[in-house]
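One structure is given here, and the rest of the page talks about it.
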Amino acid sequence: MRGIQLGHAIGAKVIPHATLADCNAADMIVGVKRIPGGVLNAIRKSGKPWVYDIVDAYPQPQCSTWTQGQALDWLQGHIEALSPTAVIWPTARMQVDFGGGGTVIYHHHRHRIQRNPIRERIEVIGYEGSANFLEGWMPAIISECERIGARFVINPVSLADVDVVLALRGPIWSGYPQANWKSNVKLANAHGSGTPFIGMPEAGYEETASGHECWVQTPEDLRQALDHLQPQAVRQEIAAGFVQRALSVGKVAKQYRKMLCALKS
């Protein structure tokens with residue numbers, strides 16, 4: 001989806017799951033995340049230079065038990081096995097871990113995302129993604145919702161429908177790759193919609209932060225963050241700061257085009 005959206009944003013015709021004929025006819029080839037074997041073979045047979053966008057490609061939940069050394073070994077081996085011409089990194093930390101090179105392009109927020117109206121009180125707390133990732137956090141989330149009189153919603157129709165969005169991860173899903181290489185997409189959507197954000201201090205979030213985020217690692221941190229966000233004026237100030245920091249697909253596409261044009265030249 002990221003590749004399709006960015007391709008369209010620069011005015012390109014995008015062909016997913018490309019065949020050899022598609023690769024031969026293409027001006028540029030980009031592979032995103034986990035590349036099917038057939039597509040990788042087509043890319044190689046075409047003989048054309050290609051870009052690998054490694055966003056969130058690490059295997060979950062297996063990677064959660066890796067040491068830093070094991071994570072770096074996987075990263076080196078994965079890139080060497082694919083042997084792309086250039087790499088797009090989702091975080092600067094991942095770029096450094098590989099030893100440099102490539103281009104860091106952070107994730108954009110959803111196109112035409114709806115602005116949050118910032119209601120008088122916190123009535124709904126939301127989370128986008130699989131509920132499995134919240135393993136270990138659910139008791140605290142439910143307890144805090146009961147304490148402040150709020151509802152908890154997983155995958156709301158719109159972030160504008162929630163008053164605070166969470167980006168938490170249970171221990172089964174937490175490891176070096178997630179903490180350092182996970183894309184900033186949840187925070188990007190919070191920024192774009194102006195929705196107050198409570199999340200874990202992962203590199204993708206910290207590198208794109210506005211300074212108005214609430215970082216948590218324990219249930220007590222979650223309680224303090226929600227207390228901090230209770231006043232409407234605080235959430236309004238956060239929303240304004242978020243929108244100023246927002247990464248639209250148009251902003252990110254400018255970096256994308258520059259990187260692709262440099263490679264083609």
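Going through the structure tokens in order, the chains are called A, B, and so on, while each chain numbers its residues from 1 and the ligands are numbered from 1 in the order shown.
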
- Filtered DSSP result for range 42-244 of chain A, state strand (DSSP E), as a list in words: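 Selection result, strand (DSSP E) within range 42-244 of chain A: Trp50, Val51, Tyr52, Asp53, Ala86, Val87, Ile88, Trp89, Thr103, Val104, Val124, Ile125, Gly126, Tyr127, Arg151, Phe152, Val153, Ile154, Val164, Val165, Leu166, Ala167, Phe197, Ile198, Gly199, Cys214 and Trp215 of chain A.
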
- Message: Which residues are near Met138 in chain A? Cut-off 10 Å, only C-alpha atoms, ignore same chain within fewer than 6 positions. Put them as an NGL selection string.
- Response: :A and (131-132 or 144 or 152 or 168 or 170 or 219)

- Item | Pick from A:Ile198, A:Ile4, A:Ile122, A:Ile172 nearest to Gln60 in chain A, counting only C-alpha atoms |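 The answer is A:Ile172, which sits nearest to Gln60 in chain A.
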